[in-house]
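Chemist: Below you'll find coords30.txt; it's compact mmCIF, C-alpha atoms.
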```txt
# COMPACT_ATOMS: atom_id res chain seq x y z
CA MET A 191 -5.72 -86.18 -40.24
CA SER A 192 -6.61 -86.83 -36.57
CA GLN A 193 -9.17 -89.43 -37.76
CA VAL A 194 -6.47 -91.17 -39.81
CA VAL A 195 -4.10 -91.19 -36.82
CA HIS A 196 -6.86 -92.65 -34.64
CA GLU A 197 -7.39 -95.43 -37.20
CA VAL A 198 -3.71 -96.24 -37.59
CA MET A 199 -2.67 -95.76 -33.95
CA PRO A 200 -5.85 -96.27 -31.92
CA GLY A 201 -5.76 -94.89 -28.38
CA HIS A 202 -2.77 -92.62 -29.03
CA PRO A 203 -3.17 -88.97 -28.06
CA VAL A 204 -3.20 -86.65 -31.11
CA ALA A 205 -2.38 -82.95 -31.18
CA VAL A 206 -2.73 -80.45 -34.03
CA LEU A 207 -0.27 -77.58 -34.47
CA THR A 208 -1.72 -74.90 -36.75
CA GLY A 209 -2.19 -71.17 -37.29
CA PRO A 210 -0.97 -68.26 -39.43
CA ASN A 211 2.41 -69.90 -40.03
CA LEU A 212 3.74 -69.20 -43.50
CA ALA A 213 6.89 -71.35 -43.45
CA LYS A 214 9.18 -68.91 -45.25
CA GLU A 215 8.59 -66.16 -42.69
CA ILE A 216 9.22 -68.47 -39.75
CA LEU A 217 12.46 -69.66 -41.35
CA SER A 218 13.53 -66.04 -41.84
CA GLY A 219 13.09 -65.35 -38.09
CA GLN A 220 9.80 -63.42 -38.12
CA ALA A 221 7.54 -63.73 -35.06
CA ALA A 222 4.45 -65.94 -35.37
CA ALA A 223 1.67 -67.31 -33.16
CA ALA A 224 0.15 -70.78 -33.37
CA VAL A 225 -2.30 -73.10 -31.65
CA VAL A 226 -1.65 -76.59 -30.31
CA ALA A 227 -5.01 -78.33 -30.12
CA MET A 228 -5.74 -81.49 -28.19
CA ALA A 229 -8.23 -82.78 -25.67
CA ASP A 230 -5.61 -83.37 -22.95
CA ASP A 231 -4.56 -80.04 -21.36
CA PHE A 232 -1.59 -81.61 -19.59
CA ILE A 233 0.11 -83.02 -22.69
CA ALA A 234 -0.92 -79.87 -24.59
CA SER A 235 0.98 -77.66 -22.16
CA GLU A 236 4.02 -79.94 -22.43
CA LEU A 237 3.87 -79.52 -26.20
CA GLN A 238 3.38 -75.78 -25.73
CA ASN A 239 6.63 -75.64 -23.73
CA ILE A 240 8.49 -77.67 -26.36
CA PHE A 241 7.37 -75.59 -29.34
CA THR A 242 7.29 -72.09 -27.79
CA SER A 243 10.38 -69.99 -28.48
CA ASN A 244 11.20 -66.29 -28.34
CA LEU A 245 9.68 -65.86 -31.76
CA PHE A 246 7.10 -68.65 -31.95
CA ARG A 247 4.18 -68.23 -29.55
CA VAL A 248 2.05 -71.33 -29.02
CA TYR A 249 -1.43 -71.11 -27.49
CA ILE A 250 -3.46 -74.07 -26.21
CA ASN A 251 -6.92 -75.00 -27.52
CA ARG A 252 -8.97 -78.16 -26.84
CA ASP A 253 -10.77 -78.25 -30.20
CA VAL A 254 -8.94 -80.70 -32.49
CA ILE A 255 -11.61 -80.95 -35.22
CA GLY A 256 -12.20 -77.19 -35.42
CA SER A 257 -8.47 -76.46 -35.58
CA GLU A 258 -7.98 -79.01 -38.37
CA MET A 259 -10.98 -77.77 -40.33
CA GLY A 260 -9.81 -74.15 -40.11
CA GLY A 261 -6.59 -75.10 -41.84
CA VAL A 262 -8.39 -76.99 -44.61
CA LEU A 263 -11.32 -74.67 -45.26
CA LYS A 264 -9.39 -71.41 -45.35
CA ASN A 265 -7.77 -72.44 -48.66
CA VAL A 266 -11.12 -72.29 -50.45
CA ILE A 267 -11.87 -68.81 -49.09
CA ALA A 268 -8.35 -67.69 -50.07
CA ILE A 269 -9.17 -68.60 -53.70
CA ALA A 270 -12.31 -66.43 -53.42
CA ALA A 271 -10.36 -63.53 -51.89
CA GLY A 272 -7.81 -63.86 -54.70
CA MET A 273 -10.63 -63.79 -57.27
CA ALA A 274 -11.84 -60.49 -55.74
CA ASP A 275 -8.30 -59.09 -56.10
CA GLY A 276 -8.06 -60.38 -59.67
CA VAL A 277 -11.31 -58.79 -60.86
CA GLY A 278 -10.08 -55.49 -59.38
CA ALA A 279 -12.39 -55.23 -56.36
CA GLY A 280 -11.26 -53.02 -53.46
CA ASP A 281 -10.57 -53.51 -49.75
CA ASN A 282 -14.27 -53.30 -48.79
CA THR A 283 -15.13 -56.23 -51.04
CA ARG A 284 -12.12 -58.23 -49.96
CA ALA A 285 -12.96 -57.66 -46.28
CA ALA A 286 -16.57 -58.72 -46.94
CA VAL A 287 -15.50 -61.91 -48.78
CA MET A 288 -13.12 -62.85 -45.96
CA THR A 289 -15.65 -62.07 -43.21
CA ARG A 290 -18.60 -63.84 -44.87
CA GLY A 291 -16.17 -66.60 -45.90
CA LEU A 292 -15.13 -67.14 -42.29
CA ALA A 293 -18.83 -67.22 -41.33
CA GLU A 294 -19.54 -70.03 -43.80
CA ILE A 295 -16.49 -72.14 -42.90
CA THR A 296 -17.44 -71.69 -39.24
CA ARG A 297 -20.95 -73.02 -39.99
CA LEU A 298 -19.49 -76.15 -41.61
CA GLY A 299 -16.84 -76.61 -38.92
CA VAL A 300 -19.46 -76.37 -36.17
CA ALA A 301 -21.75 -78.82 -37.99
CA MET A 302 -18.81 -81.24 -38.02
CA GLY A 303 -18.25 -80.89 -34.26
CA GLY A 304 -15.89 -77.90 -34.02
CA ASP A 305 -16.20 -75.01 -31.54
CA PRO A 306 -17.25 -71.69 -33.15
CA MET A 307 -14.67 -69.80 -31.06
CA THR A 308 -11.84 -71.80 -32.64
CA PHE A 309 -12.76 -70.17 -35.95
CA ALA A 310 -12.48 -66.72 -34.34
CA GLY A 311 -8.95 -67.61 -33.18
CA LEU A 312 -5.53 -68.27 -34.70
CA ALA A 313 -6.49 -71.62 -36.33
CA GLY A 314 -9.50 -69.99 -38.04
CA MET A 315 -9.40 -66.25 -38.62
CA GLY A 316 -5.61 -66.07 -38.08
CA ASP A 317 -4.75 -68.69 -40.68
CA LEU A 318 -7.40 -67.29 -43.07
CA LEU A 319 -5.96 -63.76 -42.83
CA ALA A 320 -2.35 -64.79 -43.41
CA THR A 321 -3.40 -66.89 -46.41
CA CYS A 322 -5.68 -64.25 -47.94
CA MET A 323 -3.17 -61.40 -47.46
CA SER A 324 0.04 -63.18 -48.39
CA GLN A 325 1.69 -62.81 -51.76
CA GLN A 326 3.21 -66.24 -51.03
CA SER A 327 -0.15 -68.03 -50.83
CA ARG A 328 -0.70 -70.41 -53.74
CA ASN A 329 -4.45 -70.52 -53.21
CA ARG A 330 -4.76 -66.73 -53.23
CA TYR A 331 -2.59 -66.67 -56.38
CA VAL A 332 -4.80 -69.19 -58.22
CA GLY A 333 -7.85 -67.07 -57.36
CA GLU A 334 -6.19 -63.88 -58.53
CA GLN A 335 -5.27 -65.43 -61.87
CA LEU A 336 -8.81 -66.79 -62.29
CA GLY A 337 -10.07 -63.28 -61.49
CA LYS A 338 -7.95 -61.93 -64.32
CA GLY A 339 -9.76 -64.26 -66.69
CA ARG A 340 -7.19 -67.01 -67.15
CA SER A 341 -8.28 -70.67 -67.28
CA ILE A 342 -7.58 -73.08 -64.42
CA GLU A 343 -5.67 -75.45 -66.75
CA GLU A 344 -3.33 -72.66 -67.82
CA ILE A 345 -2.72 -71.55 -64.21
CA ILE A 346 -2.04 -75.06 -62.88
CA ALA A 347 0.28 -75.92 -65.77
CA GLU A 348 2.73 -73.18 -64.79
CA MET A 349 2.70 -73.85 -61.02
CA HIS A 350 5.34 -76.01 -59.32
CA GLN A 351 3.33 -76.77 -56.19
CA VAL A 352 -0.28 -77.74 -55.62
CA ALA A 353 -2.82 -75.16 -54.43
CA GLU A 354 -4.77 -77.33 -52.01
CA GLY A 355 -8.09 -75.48 -52.36
CA VAL A 356 -8.33 -76.37 -56.07
CA LYS A 357 -8.81 -80.02 -55.12
CA SER A 358 -10.48 -79.62 -51.74
CA CYS A 359 -13.21 -77.14 -52.74
CA ARG A 360 -15.32 -79.93 -54.27
CA THR A 361 -15.02 -82.08 -51.13
CA VAL A 362 -15.90 -79.05 -49.01
CA ILE A 363 -19.14 -78.53 -50.94
CA GLU A 364 -19.96 -82.25 -50.65
CA LEU A 365 -19.49 -82.01 -46.87
CA ALA A 366 -21.62 -78.84 -46.79
CA ASP A 367 -24.43 -80.63 -48.65
CA GLU A 368 -24.14 -83.64 -46.34
CA HIS A 369 -24.45 -81.39 -43.26
CA GLY A 370 -27.11 -79.09 -44.76
CA VAL A 371 -24.86 -76.01 -44.54
CA ASP A 372 -25.15 -73.10 -47.01
CA MET A 373 -21.73 -72.06 -48.42
CA PRO A 374 -22.34 -69.59 -51.26
CA ILE A 375 -18.71 -68.41 -51.48
CA ALA A 376 -17.25 -71.94 -51.58
CA ALA A 377 -19.92 -72.92 -54.13
CA SER A 378 -18.84 -70.00 -56.34
CA VAL A 379 -15.22 -71.16 -56.11
CA VAL A 380 -16.27 -74.65 -57.29
CA GLY A 381 -18.26 -73.05 -60.12
CA VAL A 382 -15.20 -71.15 -61.36
CA VAL A 383 -12.52 -73.79 -60.70
CA HIS A 384 -14.48 -76.84 -61.91
CA GLY A 385 -17.61 -75.54 -63.66
CA GLY A 386 -16.17 -73.25 -66.30
CA GLU A 387 -17.91 -70.21 -64.80
CA SER A 388 -16.03 -66.89 -65.03
CA ALA A 389 -14.80 -65.25 -61.82
CA PHE A 390 -16.56 -62.06 -62.83
CA ASP A 391 -19.93 -63.84 -63.12
CA ALA A 392 -19.36 -65.60 -59.79
CA TYR A 393 -18.65 -62.25 -58.18
CA ARG A 394 -21.79 -60.72 -59.74
CA GLY A 395 -23.79 -63.70 -58.53
CA LEU A 396 -22.57 -63.29 -54.96
CA ILE A 397 -23.37 -59.59 -54.73
CA SER A 398 -26.84 -60.09 -56.24
CA ARG A 399 -27.91 -62.45 -53.43
CA LYS A 400 -30.52 -60.91 -51.16
CA PRO A 401 -28.89 -59.90 -47.86
CA THR A 402 -30.79 -61.16 -44.82
CA HIS A 403 -30.08 -61.25 -41.12
CA GLU A 404 -26.32 -61.41 -40.51
CA ARG A 405 -26.53 -64.44 -38.22
CA HIS A 406 -30.00 -65.84 -38.85
CA PRO A 407 -30.32 -66.18 -42.65
CA GLY A 408 -33.97 -66.45 -43.62
CA MET B 122 -23.42 -42.29 -30.33
CA SER B 123 -26.62 -44.26 -29.63
CA GLN B 124 -26.40 -43.17 -25.96
CA VAL B 125 -26.15 -39.53 -27.05
CA VAL B 126 -29.15 -39.91 -29.36
CA HIS B 127 -31.11 -41.52 -26.51
CA GLU B 128 -30.28 -38.54 -24.27
CA VAL B 129 -31.16 -35.91 -26.86
CA MET B 130 -34.18 -37.66 -28.38
CA PRO B 131 -35.44 -40.03 -25.69
CA GLY B 132 -37.71 -42.82 -26.89
CA HIS B 133 -36.67 -42.48 -30.55
CA PRO B 134 -35.55 -45.67 -32.30
CA VAL B 135 -31.83 -45.60 -33.18
CA ALA B 136 -30.10 -47.65 -35.86
CA VAL B 137 -26.38 -47.97 -36.60
CA LEU B 138 -25.09 -48.45 -40.15
CA THR B 139 -21.52 -49.76 -40.13
CA GLY B 140 -19.08 -52.24 -41.69
CA PRO B 141 -16.09 -52.43 -44.03
CA ASN B 142 -17.14 -49.29 -45.93
CA LEU B 143 -14.17 -47.21 -47.05
CA ALA B 144 -15.98 -44.21 -48.52
CA LYS B 145 -13.76 -43.72 -51.57
CA GLU B 146 -14.39 -47.27 -52.82
CA ILE B 147 -18.14 -46.97 -52.41
CA LEU B 148 -18.11 -43.67 -54.32
CA SER B 149 -16.11 -45.32 -57.11
CA GLY B 150 -18.77 -48.02 -57.52
CA GLN B 151 -17.09 -50.96 -55.79
CA ALA B 152 -19.30 -53.55 -54.06
CA ALA B 153 -19.49 -53.43 -50.25
CA ALA B 154 -21.42 -55.10 -47.45
CA ALA B 155 -22.67 -53.41 -44.29
CA VAL B 156 -24.75 -54.02 -41.18
CA VAL B 157 -27.76 -52.05 -39.99
CA ALA B 158 -28.08 -52.67 -36.26
CA MET B 159 -31.13 -51.95 -34.16
CA ALA B 160 -33.34 -53.70 -31.66
CA ASP B 161 -36.48 -53.41 -33.82
CA ASP B 162 -36.37 -55.99 -36.65
CA PHE B 163 -39.29 -54.37 -38.48
CA ILE B 164 -37.76 -50.89 -38.81
CA ALA B 165 -34.37 -52.52 -39.44
CA SER B 166 -35.69 -54.37 -42.47
CA GLU B 167 -37.28 -51.14 -43.77
CA LEU B 168 -33.87 -49.47 -43.46
CA GLN B 169 -32.28 -52.50 -45.11
CA ASN B 170 -34.59 -52.03 -48.11
CA ILE B 171 -33.81 -48.31 -48.30
CA PHE B 172 -30.03 -48.67 -48.17
CA THR B 173 -29.53 -51.91 -50.14
CA SER B 174 -28.56 -51.42 -53.79
CA ASN B 175 -26.99 -53.60 -56.47
CA LEU B 176 -23.58 -52.80 -55.06
CA PHE B 177 -24.29 -52.11 -51.39
CA ARG B 178 -25.45 -55.16 -49.44
CA VAL B 179 -26.99 -54.43 -46.05
CA TYR B 180 -27.41 -57.17 -43.42
CA ILE B 181 -29.54 -56.86 -40.28
CA ASN B 182 -28.18 -57.28 -36.74
CA ARG B 183 -29.88 -56.55 -33.39
CA ASP B 184 -26.73 -55.59 -31.47
CA VAL B 185 -26.44 -51.77 -31.44
CA ILE B 186 -23.69 -51.48 -28.76
CA GLY B 187 -21.52 -54.22 -30.28
CA SER B 188 -21.83 -52.73 -33.77
CA GLU B 189 -20.88 -49.27 -32.52
CA MET B 190 -17.97 -50.56 -30.45
CA GLY B 191 -16.59 -52.54 -33.41
CA GLY B 192 -16.31 -49.32 -35.41
CA VAL B 193 -14.54 -47.48 -32.58
CA LEU B 194 -12.20 -50.18 -31.30
CA LYS B 195 -10.89 -51.36 -34.67
CA ASN B 196 -9.00 -48.05 -35.10
CA VAL B 197 -6.70 -48.88 -32.19
CA ILE B 198 -5.92 -52.34 -33.58
CA ALA B 199 -5.30 -50.80 -37.02
CA ILE B 200 -2.56 -48.64 -35.46
CA ALA B 201 -1.01 -51.84 -34.03
CA ALA B 202 -1.25 -53.64 -37.39
CA GLY B 203 0.36 -50.62 -39.05
CA MET B 204 3.16 -50.72 -36.47
CA ALA B 205 3.81 -54.37 -37.39
CA ASP B 206 4.05 -53.32 -41.05
CA GLY B 207 6.34 -50.42 -40.17
CA VAL B 208 8.83 -52.51 -38.18
CA GLY B 209 9.00 -54.90 -41.14
CA ALA B 210 7.08 -57.87 -39.69
CA GLY B 211 5.55 -60.36 -42.12
CA ASP B 212 2.06 -61.69 -42.83
CA ASN B 213 2.15 -64.21 -39.95
CA THR B 214 2.75 -61.44 -37.42
CA ARG B 215 0.17 -59.14 -38.99
CA ALA B 216 -2.42 -61.95 -38.98
CA ALA B 217 -1.62 -62.70 -35.32
CA VAL B 218 -1.92 -59.01 -34.32
CA MET B 219 -5.28 -58.70 -36.10
CA THR B 220 -6.63 -61.98 -34.69
CA ARG B 221 -5.50 -61.38 -31.11
CA GLY B 222 -6.56 -57.73 -31.55
CA LEU B 223 -10.08 -58.79 -32.52
CA ALA B 224 -10.10 -61.12 -29.48
CA GLU B 225 -9.33 -58.25 -27.11
CA ILE B 226 -11.80 -55.76 -28.61
CA THR B 227 -14.41 -58.53 -28.45
CA ARG B 228 -13.70 -59.00 -24.73
CA LEU B 229 -14.24 -55.27 -24.08
CA GLY B 230 -17.30 -55.06 -26.35
CA VAL B 231 -18.90 -58.04 -24.60
CA ALA B 232 -18.12 -56.56 -21.16
CA MET B 233 -19.96 -53.43 -22.32
CA GLY B 234 -23.04 -55.41 -23.37
CA GLY B 235 -22.24 -56.36 -26.98
CA ASP B 236 -22.79 -59.79 -28.54
CA PRO B 237 -19.55 -61.71 -29.29
CA MET B 238 -20.91 -62.81 -32.69
CA THR B 239 -21.20 -59.16 -33.79
CA PHE B 240 -17.41 -58.95 -33.55
CA ALA B 241 -17.07 -62.02 -35.81
CA GLY B 242 -19.25 -60.25 -38.41
CA LEU B 243 -19.06 -57.26 -40.76
CA ALA B 244 -19.19 -54.62 -37.98
CA GLY B 245 -16.29 -56.30 -36.14
CA MET B 246 -13.94 -58.47 -38.16
CA GLY B 247 -15.09 -56.96 -41.49
CA ASP B 248 -14.43 -53.37 -40.52
CA LEU B 249 -11.16 -54.36 -38.80
CA LEU B 250 -9.90 -56.14 -41.93
CA ALA B 251 -10.71 -53.30 -44.32
CA THR B 252 -9.04 -50.80 -41.98
CA CYS B 253 -5.93 -52.92 -41.34
CA MET B 254 -5.46 -53.83 -45.03
CA SER B 255 -6.25 -50.52 -46.67
CA GLN B 256 -3.61 -48.12 -47.89
CA GLN B 257 -6.28 -45.43 -47.36
CA SER B 258 -6.63 -46.04 -43.61
CA ARG B 259 -5.28 -43.13 -41.57
CA ASN B 260 -4.95 -45.24 -38.43
CA ARG B 261 -2.95 -47.94 -40.19
CA TYR B 262 -0.78 -45.19 -41.71
CA VAL B 263 -0.03 -43.61 -38.31
CA GLY B 264 0.98 -47.04 -36.98
CA GLU B 265 3.22 -47.72 -39.98
CA GLN B 266 5.03 -44.41 -39.56
CA LEU B 267 5.47 -45.07 -35.82
CA GLY B 268 6.82 -48.50 -36.73
CA LYS B 269 9.40 -46.81 -38.94
CA GLY B 270 10.62 -44.88 -35.91
CA ARG B 271 9.04 -41.46 -36.55
CA SER B 272 7.54 -39.47 -33.65
CA ILE B 273 3.80 -39.05 -33.23
CA GLU B 274 4.12 -35.22 -33.32
CA GLU B 275 5.91 -35.35 -36.65
CA ILE B 276 3.33 -37.75 -38.13
CA ILE B 277 0.29 -35.78 -36.96
CA ALA B 278 1.76 -32.46 -38.14
CA GLU B 279 1.79 -33.59 -41.76
CA MET B 280 -1.70 -35.19 -41.78
CA HIS B 281 -4.78 -33.33 -43.01
CA GLN B 282 -7.33 -35.51 -41.25
CA VAL B 283 -7.52 -36.97 -37.76
CA ALA B 284 -6.63 -40.63 -37.15
CA GLU B 285 -9.33 -41.45 -34.61
CA GLY B 286 -7.39 -44.17 -32.81
CA VAL B 287 -4.69 -41.73 -31.71
CA LYS B 288 -7.22 -40.00 -29.47
CA SER B 289 -9.47 -42.93 -28.65
CA CYS B 290 -6.78 -45.44 -27.58
CA ARG B 291 -6.47 -43.79 -24.17
CA THR B 292 -10.24 -43.89 -23.61
CA VAL B 293 -10.28 -47.52 -24.73
CA ILE B 294 -7.72 -48.47 -22.07
CA GLU B 295 -9.68 -46.52 -19.43
CA LEU B 296 -12.81 -48.49 -20.37
CA ALA B 297 -10.81 -51.74 -20.30
CA ASP B 298 -9.56 -50.97 -16.78
CA GLU B 299 -13.07 -50.03 -15.67
CA HIS B 300 -14.43 -53.35 -16.95
CA GLY B 301 -11.45 -55.44 -15.80
CA VAL B 302 -10.55 -56.50 -19.36
CA ASP B 303 -6.97 -57.29 -20.42
CA MET B 304 -6.00 -55.51 -23.67
CA PRO B 305 -2.24 -55.94 -24.19
CA ILE B 306 -2.25 -54.78 -27.82
CA ALA B 307 -4.26 -51.61 -27.13
CA ALA B 308 -2.05 -50.92 -24.08
CA SER B 309 1.04 -51.17 -26.33
CA VAL B 310 -0.52 -48.67 -28.75
CA VAL B 311 -1.08 -46.22 -25.88
CA GLY B 312 2.53 -46.76 -24.77
CA VAL B 313 3.86 -45.84 -28.21
CA VAL B 314 1.40 -43.07 -29.10
CA HIS B 315 1.30 -41.35 -25.70
CA GLY B 316 4.09 -42.85 -23.59
CA GLY B 317 7.14 -42.26 -25.75
CA GLU B 318 7.80 -46.00 -26.10
CA SER B 319 9.26 -47.16 -29.41
CA ALA B 320 7.14 -49.37 -31.68
CA PHE B 321 9.98 -51.87 -31.83
CA ASP B 322 10.07 -52.22 -28.02
CA ALA B 323 6.27 -52.53 -27.90
CA TYR B 324 6.45 -55.29 -30.48
CA ARG B 325 9.22 -57.09 -28.56
CA GLY B 326 7.14 -56.74 -25.38
CA LEU B 327 4.10 -58.32 -27.01
CA ILE B 328 5.93 -61.35 -28.36
CA SER B 329 7.69 -61.97 -25.03
CA ARG B 330 4.37 -62.42 -23.15
CA LYS B 331 3.82 -66.00 -22.06
CA PRO B 332 1.21 -67.61 -24.34
CA THR B 333 -1.58 -69.36 -22.40
CA HIS B 334 -4.87 -70.95 -23.34
CA GLU B 335 -6.26 -69.26 -26.47
CA ARG B 336 -9.66 -68.53 -24.94
CA HIS B 337 -9.10 -68.98 -21.22
CA PRO B 338 -6.05 -66.83 -20.40
CA GLY B 339 -4.51 -67.91 -17.08
```
Before anything else, please render the file you have as structure tokens.

Modeler:
Amino acid sequence: MSQVVHEVMPGHPVAVLTGPNLAKEILSGQAAAAVVAMADDFIASELQNIFTSNLFRVYINRDVIGSEMGGVLKNVIAIAAGMADGVGAGDNTRAAVMTRGLAEITRLGVAMGGDPMTFAGLAGMGDLLATCMSQQSRNRYVGEQLGKGRSIEEIIAEMHQVAEGVKSCRTVIELADEHGVDMPIAASVVGVVHGGESAFDAYRGLISRKPTHERHPG
Amino acid sequence: MSQVVHEVMPGHPVAVLTGPNLAKEILSGQAAAAVVAMADDFIASELQNIFTSNLFRVYINRDVIGSEMGGVLKNVIAIAAGMADGVGAGDNTRAAVMTRGLAEITRLGVAMGGDPMTFAGLAGMGDLLATCMSQQSRNRYVGEQLGKGRSIEEIIAEMHQVAEGVKSCRTVIELADEHGVDMPIAASVVGVVHGGESAFDAYRGLISRKPTHERHPG
């Protein structure tokens, strides 16, 4: 989105407001924390003052691209976490999918110019957690239904709103290929959502990969 | 523990096996991922081969201290996440507590010689997630009961096993003071568990702190 704004309104400062901010909970008066990301610290702290309230805590971050990418990429991992729930996997598996999922979206985000620490913060890990844990998340729901063996056509037909990751997962894998980044979890999501693969087979495929070094895959 | 082993068996290589590994799920045949941490890559990959099975995926990491600290510190944050559940907070708040909680245990772990990336991996974020999400976690349970307004004495009296974070939270804050690290969430846990503060007041206190820069607190 910041690229689009730059094209349409060249020279204008752009800020991104993002984080674990499920709209329904904010409307019902629950506390939440968010990030306002922009290169200019001065305007950012003005925006921070405008948006911060007793219940909405806004932190500053300078990484616009990373903050945007966190919000986009987490949807694909939420489908994978939902698939783990749907096939009946436990908390260990879910935690591993989310942790390795964050690692792969961080790799892509960094390749695209983001800061790795943004992905460890509210715009990355925070948004990913809220989306993967929430019963309100459409992406998690789609994954869960796929995990139970239903077809993507059937699931989409009964939904009133779009689950963003269903469309974006293909673009994410294209970007990963372009940047030479390995994203096995996102690739499995594409296989199930668009390739007719079953969630159970995707899950088997993921756990049969040879584990290597945690940060320096061989 | 690695320091104790070094004292008792000086010169012996020490490895740490840790991660999101709730024992019950592993025993019931669910897939899980773990980290084996040690300085020596050669012995580490031998251990990786020994422990890896079809359902148990073991990654290598060189950071012994960070991997150990992840396993210890996550218990304190799990009490805080449980408190958020107990006071009736939603997924946004829980995600914020876990994300900011991981940020503060990372700060302490790094001050003690750990690698920040370990805390973004299975031994840090992974273990934290499994513990904060699991209905089996004793630490999360203690926090939830505190959040509901019960006293720590009452909660402990009815439990058959120890919730590690109840004891360790005080030591964690001592270490944080020693290393000059700010840990507002862990300090709130100590206030509720040992200082007679109510979980609701601790929660109010946390959300009334002035938000600053996400990574460069002023």

Chemist: How close does each residue of chain B get to chain A, giving the shortest atom pair and distance in Å to one decimal for every residue with an atom at most 6 Å away, counting all atoms listed in the file, sorted by chain and residue number, as a Markdown table?

Modeler:
```
| residue | atom | partner | partner_atom | distance |
| --- | --- | --- | --- | --- |
| B:Pro141 | CA | A:Asn282 | CA | 5.2 |
| B:Asn142 | CA | A:Asn282 | CA | 5.7 |
| B:Ala152 | CA | A:Thr283 | CA | 5.8 |
| B:Ala153 | CA | A:Thr283 | CA | 5.2 |
| B:Tyr180 | CA | A:Glu404 | CA | 5.3 |
| B:Ile181 | CA | A:His403 | CA | 4.5 |
| B:Asn182 | CA | A:Glu404 | CA | 5.9 |
| B:Asp212 | CA | A:Ala320 | CA | 5.4 |
| B:Asn213 | CA | A:Pro210 | CA | 5.1 |
| B:Thr214 | CA | A:Ala222 | CA | 5.2 |
| B:Ala216 | CA | A:Ala320 | CA | 5.3 |
| B:Ala217 | CA | A:Gly316 | CA | 5.9 |
| B:Thr220 | CA | A:Gly316 | CA | 5.4 |
| B:Gly247 | CA | A:Ala285 | CA | 5.3 |
| B:Leu250 | CA | A:Ala285 | CA | 5.5 |
| B:Ala251 | CA | A:Ala285 | CA | 5.3 |
| B:Pro332 | CA | A:Tyr249 | CA | 5.4 |
| B:Thr333 | CA | A:Tyr249 | CA | 5.4 |
| B:His334 | CA | A:Ile250 | CA | 4.5 |
| B:Glu335 | CA | A:Tyr249 | CA | 5.3 |
```

Chemist: For a test of reading the model, state the distance in Å between atom CA of Arg328 of chain A and atom CA of Ala366 of chain A, rounded to one decimal.

Modeler: 23.6 Å

Chemist: So that I can see what lies close to Asp367 of chain A, please list as a ChimeraX atom specification the residues with an atom at most 10 Å from it, counting only C-alpha atoms and leaving out residues fewer than 6 positions away in the same chain.

Modeler: /A:298,361,373

Chemist: Please provide the set of residues having any atom within 9 Å of Val254 of chain A, restricted to all atoms listed in the file, with same-chain residues fewer than 3 positions apart removed, written as a ChimeraX atom specification.

Modeler: /A:192,204-206,226-229,251,257-259,304

Chemist: In Å, rounded to a single decimal, give me how far atom CA of His384 of chain A is from atom CA of Ile346 of chain A.

Modeler: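 So the two atoms, atom CA of Ile346 of chain A and atom CA of His384 of chain A, lie 12.6 Å apart.
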
Chemist: Find the spatial neighbours of Asn260 of chain B, counting all atoms listed in the file, within a cut-off of 9 Å - ignore same-chain residues fewer than 4 positions away - and output them as a PyMOL selection string.

Modeler: chain B and resi 196-201+203+252-253+264-265+283-287

Chemist: Using only the atoms of segment 387-396 of chain A listed in the file, plus 8 Å on each side, state the axis-aligned box centre and edge lengths in Å rounded to one decimal, as JSON.

Modeler:
```
{"center_x": -19.3, "center_y": -65.5, "center_z": -60.0, "size_x": 25.0, "size_y": 25.5, "size_z": 26.1}
```

Chemist: Grab the atom CA of Glu128 of chain B to atom CA of Val302 of chain B distance for me, in Å with one decimal place.

Modeler: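 We find that atom CA of Glu128 of chain B and atom CA of Val302 of chain B lie 27.1 Å from each other.
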